[in-house]
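Chemist: Got a file for you: my_file03.txt, compact mmCIF, C-alpha atoms.
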```
# COMPACT_ATOMS: atom_id res chain seq x y z
CA MET I 1 4.60 -14.51 -29.88
CA ALA I 2 5.96 -14.64 -26.32
CA GLU I 3 7.57 -11.24 -26.78
CA LYS I 4 4.31 -9.75 -28.02
CA GLY I 5 2.43 -11.25 -25.06
CA SER I 6 4.99 -9.80 -22.66
CA THR I 7 4.54 -6.34 -24.18
CA SER I 8 0.76 -6.70 -23.90
CA ASP I 9 1.04 -7.76 -20.23
CA GLN I 10 3.19 -4.74 -19.46
CA ALA I 11 0.78 -2.36 -21.19
CA ALA I 12 -2.21 -3.83 -19.33
CA SER I 13 -0.39 -3.68 -15.97
CA GLU I 14 0.70 -0.10 -16.53
CA ARG I 15 -2.83 0.89 -17.56
CA CYS I 16 -4.20 -0.74 -14.39
CA PHE I 17 -1.79 1.32 -12.25
CA LEU I 18 -2.47 4.60 -14.06
CA GLU I 19 -6.23 4.09 -13.75
CA TRP I 20 -5.72 3.48 -10.03
CA MET I 21 -3.72 6.69 -9.68
CA LYS I 22 -6.46 8.63 -11.48
CA LEU I 23 -9.01 7.11 -9.12
CA GLN I 24 -6.79 8.12 -6.18
CA GLU I 25 -6.82 11.70 -7.43
CA ASP I 26 -10.60 11.77 -7.84
CA SER I 27 -11.19 10.05 -4.50
CA GLN I 28 -8.84 12.45 -2.71
CA LYS I 29 -10.84 15.43 -3.98
CA GLU I 30 -14.11 13.83 -2.90
CA LEU I 31 -12.77 13.15 0.61
CA PHE I 32 -11.40 16.66 1.08
CA GLN I 33 -14.68 18.14 -0.18
CA ALA I 34 -16.55 16.09 2.43
CA LEU I 35 -14.21 17.35 5.16
CA SER I 36 -14.70 20.96 4.05
CA ALA I 37 -18.47 20.54 3.96
CA ILE I 38 -18.51 19.24 7.54
CA GLU I 39 -16.20 22.00 8.74
CA ASN I 40 -18.46 24.68 7.26
CA ARG I 41 -21.72 23.08 8.38
CA VAL I 42 -23.41 24.57 11.45
CA ASN I 43 -25.85 22.63 13.67
CA SER I 44 -25.77 19.70 11.26
CA ASN I 45 -27.30 16.31 11.93
CA HIS I 46 -24.44 14.42 13.56
CA GLU I 47 -25.77 10.95 12.78
CA GLU I 48 -26.36 11.81 9.12
CA ALA I 49 -22.87 13.31 8.80
CA GLU I 50 -21.29 10.19 10.32
CA ARG I 51 -23.29 7.96 7.99
CA GLN I 52 -22.05 9.88 4.94
CA LEU I 53 -18.46 9.74 6.17
CA THR I 54 -18.72 5.99 6.80
CA GLN I 55 -20.00 5.50 3.25
CA LEU I 56 -16.94 7.34 1.90
CA VAL I 57 -14.61 5.16 3.98
CA ASP I 58 -16.32 1.98 2.75
CA LYS I 59 -16.13 3.22 -0.83
CA SER I 60 -12.37 3.89 -0.58
CA ILE I 61 -11.67 0.44 0.83
CA GLU I 62 -13.81 -1.23 -1.84
CA GLU I 63 -11.89 0.65 -4.55
CA PHE I 64 -8.58 -0.50 -3.03
CA GLN I 65 -9.82 -4.11 -2.92
CA ASP I 66 -10.93 -3.88 -6.55
CA TYR I 67 -7.51 -2.56 -7.59
CA ILE I 68 -5.77 -5.35 -5.67
CA ASP I 69 -7.96 -7.99 -7.36
CA ARG I 70 -7.34 -6.59 -10.85
CA ARG I 71 -3.60 -6.31 -10.23
CA MET I 72 -3.43 -9.86 -8.89
CA GLN I 73 -4.87 -11.27 -12.10
CA LEU I 74 -2.25 -9.38 -14.10
CA ALA I 75 0.56 -10.45 -11.75
CA LYS I 76 -0.20 -14.11 -12.48
CA ASN I 77 0.85 -13.46 -16.10
CA ASP I 78 4.09 -11.58 -15.33
CA VAL I 79 4.78 -11.17 -11.63
CA SER I 80 8.27 -9.67 -12.05
CA LEU I 81 6.70 -6.52 -13.49
CA PHE I 82 5.20 -5.70 -10.11
CA PHE I 83 8.46 -6.11 -8.20
CA ALA I 84 10.24 -3.75 -10.62
CA PRO I 85 7.45 -1.63 -12.15
CA VAL I 86 8.61 0.46 -15.11
CA TRP I 87 5.63 2.81 -14.66
CA CYS I 88 6.88 4.01 -11.27
CA SER I 89 9.44 6.74 -10.72
CA THR I 90 12.70 5.65 -9.11
CA ARG I 91 11.59 7.31 -5.87
CA GLU I 92 8.36 5.30 -5.84
CA ALA I 93 10.21 2.09 -6.69
CA SER I 94 12.68 2.64 -3.84
CA LEU I 95 9.79 2.70 -1.34
CA LEU I 96 8.11 -0.51 -2.51
CA TRP I 97 7.70 -3.52 -0.23
CA ILE I 98 6.50 -6.69 -1.97
CA ALA I 99 4.92 -4.77 -4.86
CA GLY I 100 3.26 -2.14 -2.69
CA CYS I 101 3.53 -0.07 0.45
CA ARG I 102 4.29 -1.38 3.93
CA PRO I 103 1.01 -1.69 5.89
CA THR I 104 2.69 -0.16 8.95
CA ILE I 105 2.88 3.11 7.00
CA PHE I 106 -0.92 3.35 7.35
CA ILE I 107 -0.63 3.24 11.13
CA ARG I 108 2.31 5.65 11.23
CA LEU I 109 0.34 8.15 9.16
CA ALA I 110 -2.68 7.82 11.45
CA TYR I 111 -0.47 8.68 14.43
CA SER I 112 1.05 11.64 12.58
CA LEU I 113 -2.32 13.09 11.64
CA THR I 114 -3.38 13.31 15.28
CA GLY I 115 -0.83 16.10 15.78
CA TYR I 116 1.73 14.50 18.05
CA GLU I 117 3.86 11.39 18.29
CA LEU I 118 2.38 8.69 20.54
CA GLU I 119 4.97 9.14 23.33
CA THR I 120 4.38 12.91 23.51
CA ARG I 121 0.60 12.52 23.62
CA MET I 122 0.76 9.91 26.35
CA ALA I 123 3.15 11.98 28.48
CA GLN I 124 0.95 15.08 28.19
CA PHE I 125 -2.20 13.13 28.97
CA LEU I 126 -0.70 11.46 32.05
CA GLN I 127 0.52 14.87 33.30
CA GLY I 128 -3.00 16.28 32.92
CA MET I 129 -1.88 18.97 30.48
CA LYS I 130 -4.86 18.41 28.18
CA SER I 131 -7.99 16.33 27.92
CA MET I 132 -8.02 14.14 24.82
CA GLU I 133 -11.81 14.19 24.66
CA ASP I 134 -11.78 17.99 24.36
CA ILE I 135 -9.36 18.06 21.41
CA ALA I 136 -10.95 17.41 18.02
CA GLY I 137 -9.21 14.73 16.03
CA GLU I 138 -6.94 13.40 18.76
CA LEU I 139 -6.95 9.72 19.60
CA THR I 140 -8.49 8.49 22.82
CA PRO I 141 -6.44 6.23 25.13
CA GLN I 142 -8.53 3.26 23.95
CA GLN I 143 -7.82 4.07 20.31
CA MET I 144 -4.10 4.40 21.03
CA GLU I 145 -4.09 1.02 22.74
CA GLN I 146 -5.88 -0.56 19.77
CA LEU I 147 -3.52 1.08 17.27
CA ASP I 148 -0.50 -0.02 19.26
CA SER I 149 -1.76 -3.62 19.22
CA LEU I 150 -2.47 -3.40 15.47
CA GLN I 151 0.99 -1.99 14.83
CA MET I 152 2.75 -4.78 16.73
CA ARG I 153 0.76 -7.48 14.93
CA THR I 154 1.36 -5.85 11.55
CA ILE I 155 5.11 -5.50 12.14
CA LYS I 156 5.28 -9.19 13.03
CA GLU I 157 3.53 -10.15 9.79
CA GLU I 158 5.70 -7.78 7.74
CA GLU I 159 8.82 -9.39 9.19
CA ARG I 160 7.52 -12.87 8.37
CA LEU I 161 6.79 -11.96 4.76
CA THR I 162 10.13 -10.17 4.40
CA SER I 163 11.87 -13.37 5.54
CA GLU I 164 9.82 -15.35 3.03
CA LEU I 165 10.88 -12.99 0.24
CA ALA I 166 14.53 -13.37 1.26
CA ARG I 167 14.16 -17.16 1.13
CA VAL I 168 12.68 -17.04 -2.39
CA GLN I 169 15.44 -14.73 -3.60
CA GLU I 170 18.21 -16.83 -2.04
CA GLU I 171 16.87 -19.99 -3.68
CA MET I 172 18.11 -18.59 -7.01
CA ALA I 173 21.62 -19.42 -5.83
CA ASP I 174 20.99 -22.94 -4.53
CA GLN I 175 22.85 -25.88 -6.05
CA THR I 176 19.89 -27.17 -8.07
CA VAL I 177 19.28 -23.90 -9.93
CA VAL I 178 22.99 -23.25 -10.43
CA GLY I 179 23.44 -26.77 -11.81
CA ILE I 180 20.54 -26.31 -14.23
CA ALA I 181 21.93 -22.96 -15.36
CA MET I 182 25.35 -24.49 -16.05
CA ARG I 183 23.81 -27.34 -18.05
CA SER I 184 21.77 -24.85 -20.06
CA MET I 185 25.04 -23.51 -21.45
CA LYS I 186 25.50 -26.85 -23.24
CA GLU I 187 22.08 -28.48 -23.57
CA GLN I 188 18.64 -27.33 -24.71
CA ILE I 189 17.08 -29.50 -22.00
CA GLY I 190 18.95 -27.47 -19.40
CA ILE I 191 17.26 -24.30 -20.66
CA GLU I 192 13.84 -25.91 -20.29
CA GLU I 193 14.68 -27.02 -16.74
CA LEU I 194 15.83 -23.50 -15.90
CA GLU I 195 12.59 -22.04 -17.21
CA ARG I 196 10.62 -24.47 -15.03
CA ALA I 197 12.68 -23.45 -12.01
CA LEU I 198 12.00 -19.78 -12.73
CA GLU I 199 8.29 -20.48 -13.18
CA LYS I 200 8.29 -22.08 -9.73
CA GLN I 201 9.89 -18.93 -8.32
CA ASP I 202 7.25 -16.81 -10.09
CA GLY I 203 4.57 -18.84 -8.32
CA GLU I 204 6.23 -18.12 -4.98
CA MET I 205 6.36 -14.40 -5.78
CA VAL I 206 2.68 -14.35 -6.74
CA ARG I 207 1.87 -16.04 -3.42
CA LEU I 208 3.90 -13.39 -1.58
CA ILE I 209 2.02 -10.53 -3.27
CA GLN I 210 -1.29 -12.21 -2.37
CA GLN I 211 -0.28 -12.47 1.29
CA ALA I 212 1.13 -8.91 1.38
CA ASP I 213 -2.06 -7.55 -0.21
CA LYS I 214 -4.19 -9.42 2.34
CA LEU I 215 -2.13 -7.82 5.10
CA ARG I 216 -2.48 -4.38 3.50
CA ILE I 217 -6.27 -4.58 3.15
CA ARG I 218 -6.71 -6.17 6.60
CA THR I 219 -4.61 -3.46 8.24
CA LEU I 220 -6.55 -0.74 6.43
CA ASN I 221 -9.88 -2.26 7.47
CA GLU I 222 -8.87 -2.59 11.12
CA LEU I 223 -7.37 0.88 11.19
CA THR I 224 -10.47 2.61 9.82
CA GLU I 225 -12.63 0.65 12.27
CA ILE I 226 -10.52 1.93 15.18
CA LEU I 227 -10.78 5.53 14.00
CA ARG I 228 -13.96 7.57 14.23
CA PRO I 229 -15.57 8.26 10.81
CA LEU I 230 -14.20 11.82 10.63
CA GLN I 231 -10.71 10.61 11.58
CA ALA I 232 -10.91 7.80 9.03
CA VAL I 233 -11.86 10.18 6.22
CA LEU I 234 -9.06 12.54 7.23
CA PHE I 235 -6.60 9.64 7.22
CA LEU I 236 -7.73 8.37 3.80
CA ALA I 237 -7.67 11.86 2.26
CA PHE I 238 -4.10 12.52 3.40
CA SER I 239 -2.86 9.02 2.58
CA LYS I 240 -4.02 9.51 -1.02
CA LYS I 241 -2.51 13.00 -1.07
CA LEU I 242 0.80 11.59 0.16
CA HIS I 243 0.76 8.85 -2.48
CA LEU I 244 0.09 11.36 -5.27
CA SER I 245 2.75 13.75 -3.92
CA VAL I 246 5.43 11.05 -3.76
CA ARG I 247 4.68 10.18 -7.39
CA GLU I 248 4.86 13.85 -8.43
CA TRP I 249 8.13 14.39 -6.54
CA GLY I 250 9.57 11.20 -8.01
CA GLN I 251 8.67 12.14 -11.58
CA ARG I 252 10.14 15.61 -11.12
CA ASN I 253 13.35 14.12 -9.74
CA ASP I 254 13.61 11.65 -12.62
CA ARG I 255 13.22 14.43 -15.17
CA ARG I 256 15.90 16.46 -13.39
CA HIS I 257 18.30 13.53 -13.70
CA GLY I 258 17.42 12.79 -17.31
CA ARG I 259 15.17 9.81 -16.61
CA PHE I 260 11.82 9.96 -18.35
CA LEU I 261 8.73 7.88 -17.62
CA ASN I 262 6.52 6.65 -20.42
CA SER I 263 3.52 8.25 -18.71
```
Since I need it in another form, could you write the structure as structure tokens?

Modeler:
Amino acid sequence: MAEKGSTSDQAASERCFLEWMKLQEDSQKELFQALSAIENRVNSNHEEAERQLTQLVDKSIEEFQDYIDRRMQLAKNDVSLFFAPVWCSTREASLLWIAGCRPTIFIRLAYSLTGYELETRMAQFLQGMKSMEDIAGELTPQQMEQLDSLQMRTIKEEERLTSELARVQEEMADQTVVGIAMRSMKEQIGIEELERALEKQDGEMVRLIQQADKLRIRTLNELTEILRPLQAVLFLAFSKKLHLSVREWGQRNDRRHGRFLNS
């Protein structure tokens, strides 16, 4: 029965991920269509356009929160699946940080989409080479200051959670667990103790995913609040495009090396 349940958990978790990727694809198209419509619109109502863009941003964040909530319920049944997901290509798996992406990637992408690295933009601005206000899509000095603050705070939290993950992993080699494992070679009771120890570790890993997901959604919320609506939609559209592209590249690479995904 346990084996059947495990198979069912894996199928449900994989289905959750694939549905999320399909939603990413649909959402990406919707965001790019909105950007194209604004680009081609002449003398449009600015306030109405901003309202529509803000709605799209809110919708994307709500969809991400919904995916996180659904995934969290599944992780409580079999958390290890999300640290080593069989539905991801090896390229995708190599980029994972606590069952997802690093939140600082959001900020890095936002900087990249403005056209220049932060240091280059600041140097040019201070030298009077260009006015940021006159360049569509570029960040203002205030936005750069806010993003820099967000990045520093996010890096600090990432480092804290990474240290927590290292602690949980290292606890597998402490004397208590090793002693239980050795007794399990001789006694049935040792096996039961080992299972309890592993269940405790599973609880720690679930807690880590919860905290990492909170950091991801908080960073995304703060980032899109710093950006203007048009910038936020541009960021979300390209972040989804990047996610889909990495998956496509990873699947192609796996096939080239004789590794085949189930989906």

Chemist: Would you compute the distance between atom CA of Glu158 of chain I and atom CA of Ile105 of chain I? Give it in Å to one decimal.

Modeler: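 Interatomic distance here is 11.3 Å.
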
Chemist: For Asn77 of chain I, which of I:Ser94, I:Ser112, I:Ser8, I:Thr104 is the closest residue, counting only C-alpha atoms?

Modeler: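 The shortest atom-to-atom distance to Asn77 of chain I comes from I:Ser8.
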
Chemist: Considering only C-alpha atoms, state which residue in the set I:Ala110, I:Leu95, I:Leu208, I:Ile61 is at the smallest distance from Leu234 of chain I.

Modeler: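 Of I:Ala110, I:Leu95, I:Leu208, I:Ile61, the one nearest Leu234 of chain I is I:Ala110, counting only C-alpha atoms.
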
Chemist: Looking at I:Val79, I:Leu35, I:Trp87, I:Gln151, which one is nearest to Glu19 of chain I, with distances taken over only C-alpha atoms?

Modeler: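 Counting only C-alpha atoms, the residue closest to Glu19 of chain I is I:Trp87.
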
Chemist: For Ile107 of chain I, which residue out of I:Ile226, I:Leu242, I:Cys16, I:Ile209 is the nearest one, using only C-alpha atoms?

Modeler: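 When distances to Ile107 of chain I are compared using only C-alpha atoms, the smallest one comes from I:Ile226.
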
Chemist: How big is the axis-aligned box around the listed atoms of segment 237-245 of chain I once 4 Å is added on each side, and where is its centre? Give both in Å to one decimal, as lines of an AutoDock Vina configuration file.

Modeler:
```
center_x = -2.5
center_y = 11.3
center_z = -0.9
size_x = 18.4
size_y = 12.9
size_z = 16.7
```

Chemist: Find, counting only C-alpha atoms, the residue in I:Leu227, I:Leu150, I:Ile98, I:Ala37 that gets nearest to Gln210 of chain I.

Modeler: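 Ranked by minimum distance to Gln210 of chain I, first place goes to I:Ile98.
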
Chemist: Separation of atom CA of Glu204 of chain I and atom CA of Val168 of chain I, in Å?

Modeler: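 Those two atoms sit 7.0 Å apart.
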
Chemist: Could you please determine the separation between atom CA of Met205 of chain I and atom CA of Ser80 of chain I in Å, to one decimal place?

Modeler: 8.1 Å

Chemist: May I ask which of the residues I:Gly258, I:Gly100, I:Gly250, I:Pro141 is the closest one to Ala212 of chain I, counting all atoms listed in the file?

Modeler: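 Among the listed residues, I:Gly100 lies closest to Ala212 of chain I.
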